[in-house]
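File shown: data_2.cif. Contents: mmCIF, C-alpha atoms.
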data_final
loop_
_atom_site.label_atom_id
_atom_site.label_comp_id
_atom_site.auth_asym_id
_atom_site.auth_seq_id
_atom_site.Cartn_x
_atom_site.Cartn_y
_atom_site.Cartn_z
CA MET A 283 111.23 128.11 51.64
CA TYR A 284 112.46 128.63 48.07
CA TRP A 285 110.25 126.48 45.80
CA GLY A 286 113.26 125.39 43.74
CA VAL A 287 114.45 123.19 46.61
CA TYR A 288 111.28 121.07 46.36
CA VAL A 289 111.56 120.91 42.58
CA ALA A 290 115.23 119.85 42.86
CA ALA A 291 114.24 117.10 45.33
CA ILE A 292 111.53 115.80 42.97
CA ILE A 293 114.00 115.87 40.05
CA TYR A 294 116.52 113.89 42.13
CA VAL A 295 113.92 111.25 43.03
CA LEU A 296 112.94 110.97 39.35
CA THR A 297 116.61 110.58 38.37
CA VAL A 298 117.13 107.75 40.83
CA GLY A 299 113.84 106.16 39.71
CA ILE A 300 114.81 106.26 36.03
CA SER A 301 118.27 104.84 36.83
CA ILE A 302 116.80 101.94 38.80
CA TYR A 303 114.22 101.27 36.08
CA LEU A 304 116.96 101.11 33.42
CA ALA A 305 119.19 98.95 35.60
CA ARG A 306 116.43 96.45 36.35
CA ARG A 307 115.33 96.20 32.73
CA ARG A 308 116.75 93.08 31.17
CA GLY A 309 119.39 93.78 28.55
CA GLY A 310 119.46 97.49 29.17
CA GLY A 311 120.15 98.61 25.60
CA ARG A 312 123.34 98.21 23.59
CA MET B 146 123.14 86.76 45.03
CA LYS B 147 120.56 88.56 42.95
CA SER B 148 118.13 88.99 45.83
CA LYS B 149 120.98 90.11 48.10
CA ILE B 150 121.84 93.01 45.79
CA ILE B 151 118.15 93.95 45.57
CA TYR B 152 117.98 94.09 49.38
CA LEU B 153 121.08 96.31 49.36
CA LEU B 154 119.45 98.49 46.71
CA ILE B 155 116.32 98.90 48.84
CA ILE B 156 118.37 99.70 51.97
CA PHE B 157 120.49 102.31 50.16
CA LEU B 158 117.41 103.75 48.47
CA VAL B 159 115.64 104.21 51.82
CA LEU B 160 118.81 105.76 53.30
CA ASP B 161 119.14 108.06 50.32
CA LEU B 162 115.52 109.23 50.47
CA ALA B 163 115.71 109.67 54.27
CA THR B 164 118.82 111.89 54.02
CA LEU B 165 117.27 113.75 51.09
CA ILE B 166 114.09 114.53 53.04
CA TYR B 167 116.11 115.54 56.11
CA ALA B 168 118.39 117.81 54.05
CA VAL B 169 115.45 119.45 52.28
CA LEU B 170 113.37 120.04 55.42
CA TYR B 171 116.02 120.55 58.12
CA GLY B 172 119.33 121.11 56.30
CA GLY B 173 121.26 124.15 57.47
CA TYR B 174 121.65 127.30 55.41
CA PRO B 175 123.52 130.57 56.01
CA PRO B 176 121.59 133.50 57.54
CA TYR B 177 121.99 135.46 54.32
CA LEU B 178 123.62 135.04 50.91
CA PRO B 179 126.35 137.53 49.92
CA GLY B 180 124.78 137.98 46.48
CA GLY B 181 121.21 138.16 47.77
CA GLY B 182 118.34 135.73 47.25
CA ASP B 183 116.47 133.41 49.59
CA PRO B 184 119.06 131.69 51.85
CA THR B 185 116.94 128.52 51.95
CA SER B 186 117.92 128.04 48.30
CA TYR B 187 121.21 126.81 49.80
CA ARG B 188 119.51 123.47 50.46
CA ILE B 189 119.73 122.79 46.73
CA LEU B 190 123.44 122.22 47.43
CA TYR B 191 122.56 118.95 49.22
CA ILE B 192 120.96 117.73 45.99
CA HIS B 193 123.05 119.40 43.28
CA VAL B 194 126.54 118.53 44.59
CA PRO B 195 126.02 114.72 44.85
CA ILE B 196 124.38 114.62 41.41
CA ALA B 197 127.16 116.66 39.77
CA TRP B 198 129.95 114.61 41.36
CA ILE B 199 128.23 111.36 40.37
CA MET B 200 128.00 112.66 36.79
CA TYR B 201 131.75 113.41 36.72
CA PHE B 202 132.49 110.02 38.30
CA SER B 203 130.27 108.19 35.79
CA PHE B 204 132.02 109.70 32.79
CA THR B 205 135.39 108.88 34.39
CA VAL B 206 134.25 105.25 34.75
CA GLY B 207 133.35 105.45 31.05
CA LEU B 208 136.82 106.72 30.16
CA VAL B 209 138.73 104.10 32.16
CA ALA B 210 136.52 101.24 30.92
CA SER B 211 136.76 102.44 27.29
CA ILE B 212 140.56 102.54 27.48
CA LEU B 213 140.59 99.05 29.05
CA TYR B 214 138.26 97.79 26.31
CA LEU B 215 140.45 99.21 23.53
CA TRP B 216 143.53 97.76 25.25
CA ARG B 217 142.26 94.34 26.34
CA ASN B 218 139.38 93.86 23.87
CA ASN B 219 137.21 92.39 26.64
CA VAL B 220 133.48 93.05 26.10
CA LYS B 221 132.91 93.38 29.87
CA TYR B 222 134.84 96.67 29.87
CA ASP B 223 132.72 97.98 27.03
CA VAL B 224 129.54 97.10 28.94
CA VAL B 225 130.88 98.99 31.98
CA ALA B 226 131.72 102.00 29.78
CA PHE B 227 128.30 102.03 28.13
CA LYS B 228 126.38 101.65 31.39
CA GLY B 229 128.56 104.21 33.18
CA ILE B 230 128.12 106.79 30.44
CA THR B 231 124.36 106.15 30.19
CA LEU B 232 124.01 106.78 33.94
CA GLY B 233 126.30 109.79 33.56
CA VAL B 234 123.90 111.32 31.05
CA ILE B 235 120.91 110.47 33.25
CA TYR B 236 122.57 112.26 36.20
CA GLY B 237 123.95 115.02 33.95
CA VAL B 238 120.55 116.43 33.00
CA PRO B 239 119.44 117.03 36.63
CA ALA B 240 122.94 118.32 37.48
CA ILE B 241 122.30 121.15 35.02
CA VAL B 242 118.62 121.60 35.94
CA THR B 243 119.23 121.75 39.71
CA GLY B 244 122.06 124.20 38.99
CA MET B 245 119.59 126.30 37.02
CA LEU B 246 117.15 126.27 39.96
CA TRP B 247 119.97 127.59 42.16
CA ALA B 248 121.00 130.16 39.52
CA ASN B 249 117.40 131.30 39.16
CA GLU B 250 117.35 132.43 42.79
CA VAL B 251 120.97 133.40 43.48
CA TRP B 252 122.34 134.57 40.12
CA GLY B 253 119.11 136.23 39.02
CA SER B 254 118.30 134.05 36.04
CA PRO B 255 118.31 130.30 35.41
CA TRP B 256 120.67 130.40 32.42
CA ASN B 257 123.53 132.89 32.25
CA TRP B 258 125.95 131.30 29.74
CA ASP B 259 128.25 131.12 32.71
CA PRO B 260 131.51 129.20 31.97
CA ARG B 261 130.46 126.34 34.29
CA GLN B 262 126.95 126.12 32.84
CA THR B 263 128.14 126.31 29.24
CA SER B 264 131.03 123.86 29.60
CA THR B 265 128.81 121.36 31.47
CA LEU B 266 126.21 121.60 28.69
CA VAL B 267 128.97 120.90 26.13
CA LEU B 268 130.11 117.94 28.28
CA LEU B 269 126.59 116.54 28.41
CA LEU B 270 126.02 117.00 24.67
CA ALA B 271 129.34 115.28 23.95
CA TYR B 272 128.14 112.21 25.84
CA VAL B 273 124.67 112.30 24.30
CA GLY B 274 126.70 112.13 21.08
CA TYR B 275 128.35 108.95 22.40
CA LEU B 276 124.93 107.30 22.87
CA ALA B 277 123.73 108.48 19.42
CA LEU B 278 126.93 107.33 17.72
CA ARG B 279 126.77 103.93 19.38
CA ALA B 280 123.12 103.42 18.45
CA SER B 281 123.75 104.49 14.84
CA ILE B 282 126.28 101.77 14.01
CA PRO B 283 124.52 98.47 13.19
CA ASP B 284 127.61 96.27 13.54
CA VAL B 285 127.95 95.63 17.28
CA ASP B 286 131.72 95.06 17.38
CA ARG B 287 132.38 98.12 15.29
CA ALA B 288 129.99 100.17 17.47
CA ARG B 289 131.98 99.09 20.53
CA VAL B 290 135.35 100.11 19.11
CA VAL B 291 134.17 103.40 17.59
CA SER B 292 132.18 104.48 20.64
CA SER B 293 135.06 103.57 22.99
CA ALA B 294 137.46 105.72 20.96
CA TYR B 295 134.86 108.50 20.92
CA SER B 296 134.40 108.25 24.70
CA VAL B 297 138.15 108.77 25.25
CA ALA B 298 138.04 111.90 23.06
CA ALA B 299 134.80 113.19 24.62
CA TYR B 300 136.39 113.06 28.09
CA VAL B 301 138.42 116.17 27.18
CA THR B 302 135.25 118.17 27.92
CA LEU B 303 135.14 116.97 31.55
CA PRO B 304 138.24 118.67 32.99
CA ILE B 305 137.23 121.80 31.08
CA SER B 306 133.84 121.70 32.80
CA TYR B 307 135.45 121.02 36.18
CA VAL B 308 138.04 123.80 36.11
CA SER B 309 135.86 126.30 34.22
CA ALA B 310 134.55 127.84 37.45
CA ILE B 311 138.12 128.27 38.73
CA LEU B 312 139.92 129.43 35.58
CA PHE B 313 137.32 131.77 34.15
CA ARG B 314 135.28 134.58 35.64
CA SER B 315 132.42 132.43 36.81
CA LEU B 316 129.37 132.98 38.98
CA HIS B 317 129.73 129.39 40.15
CA GLU B 318 131.05 129.25 43.70
CA GLN B 319 133.49 126.58 44.80
CA LEU B 320 132.92 124.77 48.09
CA PRO B 321 135.98 126.20 49.95
CA GLY B 322 134.67 129.73 49.39
CA GLN B 323 131.17 128.98 50.64
CA PRO B 324 129.60 130.44 53.82
CA ILE B 325 129.19 126.87 55.02
CA SER B 326 129.11 125.77 58.67
CA GLY B 327 130.20 122.50 60.28
CA ASP B 328 126.74 120.94 60.46
CA MET B 329 126.13 121.78 56.81
CA VAL B 330 129.37 120.06 55.83
CA VAL B 331 128.29 116.95 57.77
CA ILE B 332 124.92 116.79 55.98
CA LEU B 333 126.61 117.41 52.62
CA VAL B 334 129.21 114.67 53.19
CA ILE B 335 126.48 112.21 54.27
CA ARG B 336 124.35 113.13 51.23
CA VAL B 337 127.30 112.65 48.86
CA PHE B 338 128.28 109.35 50.50
CA VAL B 339 124.77 107.86 50.52
CA ALA B 340 124.00 109.04 46.96
CA PHE B 341 127.28 107.48 45.80
CA ILE B 342 126.71 104.05 47.35
CA LEU B 343 123.19 104.02 45.88
CA TYR B 344 124.62 104.99 42.48
CA LEU B 345 127.31 102.28 42.66
CA THR B 346 124.66 99.68 43.50
CA ILE B 347 122.54 100.82 40.54
CA LEU B 348 125.60 100.74 38.25
CA TYR B 349 126.42 97.20 39.39
CA ILE B 350 122.85 95.97 38.75
CA TYR B 351 122.81 97.79 35.40
CA TYR B 352 126.16 96.21 34.46
CA LYS B 353 124.92 92.73 35.42
CA SER B 354 121.71 93.19 33.43
CA GLY B 355 123.85 94.12 30.42
CA LEU B 356 125.84 90.91 30.74
CA SER B 357 122.85 88.63 31.32
CA GLY B 358 120.91 90.21 28.47
CA GLY B 359 123.94 90.11 26.21
CA GLY B 360 124.40 93.85 26.57
CA GLU B 361 122.96 94.41 23.14
#
Take the structure in the file and give it back as structure tokens.
Amino acid sequence: MYWGVYVAAIIYVLTVGISIYLARRRGGGR
Amino acid sequence: MKSKIIYLLIIFLVLDLATLIYAVLYGGYPPYLPGGGDPTSYRILYIHVPIAWIMYFSFTVGLVASILYLWRNNVKYDVVAFKGITLGVIYGVPAIVTGMLWANEVWGSPWNWDPRQTSTLVLLLAYVGYLALRASIPDVDRARVVSSAYSVAAYVTLPISYVSAILFRSLHEQLPGQPISGDMVVILVIRVFVAFILYLTILYIYYKSGLSGGGE
């Protein structure tokens, strides 16, 4: 299978992870 | 209430990851691509499309909330706008990168200065500008008003990005013209739906954290 599919999946998981981290952080910037 | 939303977050996260893994490993793809390239690259669609639509949605949330803030002068709207746009930028980067992974295989090179690629990059930079502008103004109330006005202006780049692939000679295919079968549509719809409810849950938690922490 095209390797880019796996990379895209990892990037998606990282995106969701960063979003959740930001959302759970108290305050969350200004 | 707080623990209830965390449970929902966990449930939607598990659903999202399960559909992601299924789409990556078992998602359908056409027997061949008209332009050449590995047909399995089609599975990127199950990742790229939800991300790109969430990015557009996020910036639209930012627009509506900014207008409401300027109109009603209620800080809650400004918090929604800021959180929505921040998530829009976070989803915007992978929207472009996953598109590049697709382009790398199907269009022959990751970056082609294609109208869709270029206009989406401009869109993303416009909203990075929103975050920079907001952070650069020390006075909080002033930062809210200025960045809300900026967000309304920056939104002009979104419809340009959206229609760029239709109006201009673009390599970017639109869904109706895709060699896409019924089972692929089902997986795509499920992926978009699950990714959206997860995103909305994250946005809600992010919004609440902004209120409880003062949003500053």
Once you count only C-alpha atoms, what closest atom pair and distance in Å to one decimal does each residue of chain A within 6 Å of segment 182-194 of chain B have, with rows by chain and rising residue number, as a tab-separated table?
residue	atom	partner	partner_atom	distance
A:Met283	CA	B:Thr185	CA	5.7
A:Tyr284	CA	B:Ser186	CA	5.5
A:Val287	CA	B:Ile189	CA	5.3
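Of the listed residues (B:Pro175, B:Pro239, B:Pro260, B:Gly229), B:Pro239 comes nearest to Ile293 of chain A; the distances count only C-alpha atoms.
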Inset, instruction - Counting only C-alpha atoms, figure out which residue out of B:Leu345, B:Ala340, B:Val330, B:Val238 gets nearest to Gly173 of chain B. - result: B:Val330
Inset, instruction - Can you turn the PyMOL selection byres ((chain B) within 9 of (chain A)) into a concrete residue list for this file, as a VMD selection string? - result: chain B and resid 158 162 165 to 166 169 183 to 189 192 to 193 196 224 227 to 228 232 235 to 236 238 to 239 242 to 244 246 to 247 249 to 250 279 to 280 285 343 to 344 347 to 361
Distance query Val301 of chain B at most 9 Å, only C-alpha atoms, self and fewer than 4 positions along chain excluded, as a short mmCIF file (atom, residue, chain, number, x, y, z; two decimals) with C-alpha atoms, in the frame of the given file:
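Produced file around-v8.cif, reproduced below:
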data_model
loop_
_atom_site.label_atom_id
_atom_site.label_comp_id
_atom_site.auth_asym_id
_atom_site.auth_seq_id
_atom_site.Cartn_x
_atom_site.Cartn_y
_atom_site.Cartn_z
CA LEU B 268 130.11 117.94 28.28
CA VAL B 297 138.15 108.77 25.25
CA ILE B 305 137.23 121.80 31.08
#
Legend entry - Interatomic distance (Å, one decimal) between atom CA of Ser211 of chain B and atom CA of Gly233 of chain B: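 That distance, rounded to one decimal, is 14.2 Å.
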Legend entry - Point-to-point distance in Å for atom CA of Asp328 of chain B and atom CA of Ala248 of chain B: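 Value for the atom CA of Ala248 of chain B-atom CA of Asp328 of chain B distance: 23.6 Å.
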Legend entry - Sphere at (132.1, 133.0, 39.2), radius 12 Å, counting all atoms listed in the file: residues as a PyMOL selection string: chain B and resi 180+248+251-252+257-262+308-319+322
Can you write just those residues out, C-alpha atoms, as an mmCIF file, keeping the file's coordinate frame?
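New file selection-v8.cif:
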data_model
loop_
_atom_site.group_PDB
_atom_site.id
_atom_site.type_symbol
_atom_site.label_atom_id
_atom_site.label_comp_id
_atom_site.auth_asym_id
_atom_site.auth_seq_id
_atom_site.Cartn_x
_atom_site.Cartn_y
_atom_site.Cartn_z
ATOM 1 C CA GLY B 180 124.780 137.980 46.480
ATOM 2 C CA ALA B 248 121.000 130.160 39.520
ATOM 3 C CA VAL B 251 120.970 133.400 43.480
ATOM 4 C CA TRP B 252 122.340 134.570 40.120
ATOM 5 C CA ASN B 257 123.530 132.890 32.250
ATOM 6 C CA TRP B 258 125.950 131.300 29.740
ATOM 7 C CA ASP B 259 128.250 131.120 32.710
ATOM 8 C CA PRO B 260 131.510 129.200 31.970
ATOM 9 C CA ARG B 261 130.460 126.340 34.290
ATOM 10 C CA GLN B 262 126.950 126.120 32.840
ATOM 11 C CA VAL B 308 138.040 123.800 36.110
ATOM 12 C CA SER B 309 135.860 126.300 34.220
ATOM 13 C CA ALA B 310 134.550 127.840 37.450
ATOM 14 C CA ILE B 311 138.120 128.270 38.730
ATOM 15 C CA LEU B 312 139.920 129.430 35.580
ATOM 16 C CA PHE B 313 137.320 131.770 34.150
ATOM 17 C CA ARG B 314 135.280 134.580 35.640
ATOM 18 C CA SER B 315 132.420 132.430 36.810
ATOM 19 C CA LEU B 316 129.370 132.980 38.980
ATOM 20 C CA HIS B 317 129.730 129.390 40.150
ATOM 21 C CA GLU B 318 131.050 129.250 43.700
ATOM 22 C CA GLN B 319 133.490 126.580 44.800
ATOM 23 C CA GLY B 322 134.670 129.730 49.390
#
Legend entry - Selection result for the PyMOL selection byres ((chain B and resi 214) around 10) on this file, as a PyMOL selection string: chain B and resi 208-213+215-226+289-290+293-294
Inset, instruction - Go ahead and compute the interatomic distance for atom CA of Ser264 of chain B and atom CA of Val339 of chain B, in Å to one decimal. - result: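 Atom CA of Val339 of chain B lies at a distance of 27.1 Å from atom CA of Ser264 of chain B.
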Inset, instruction - Excluding Phe341 of chain B and any residue of its chain fewer than 3 positions from it, enumerate the residues within 10 Å of it, using all atoms listed in the file, and give them as a PyMOL selection string. - result: chain B and resi 157+161+195-196+198-199+202+335-338+344-347
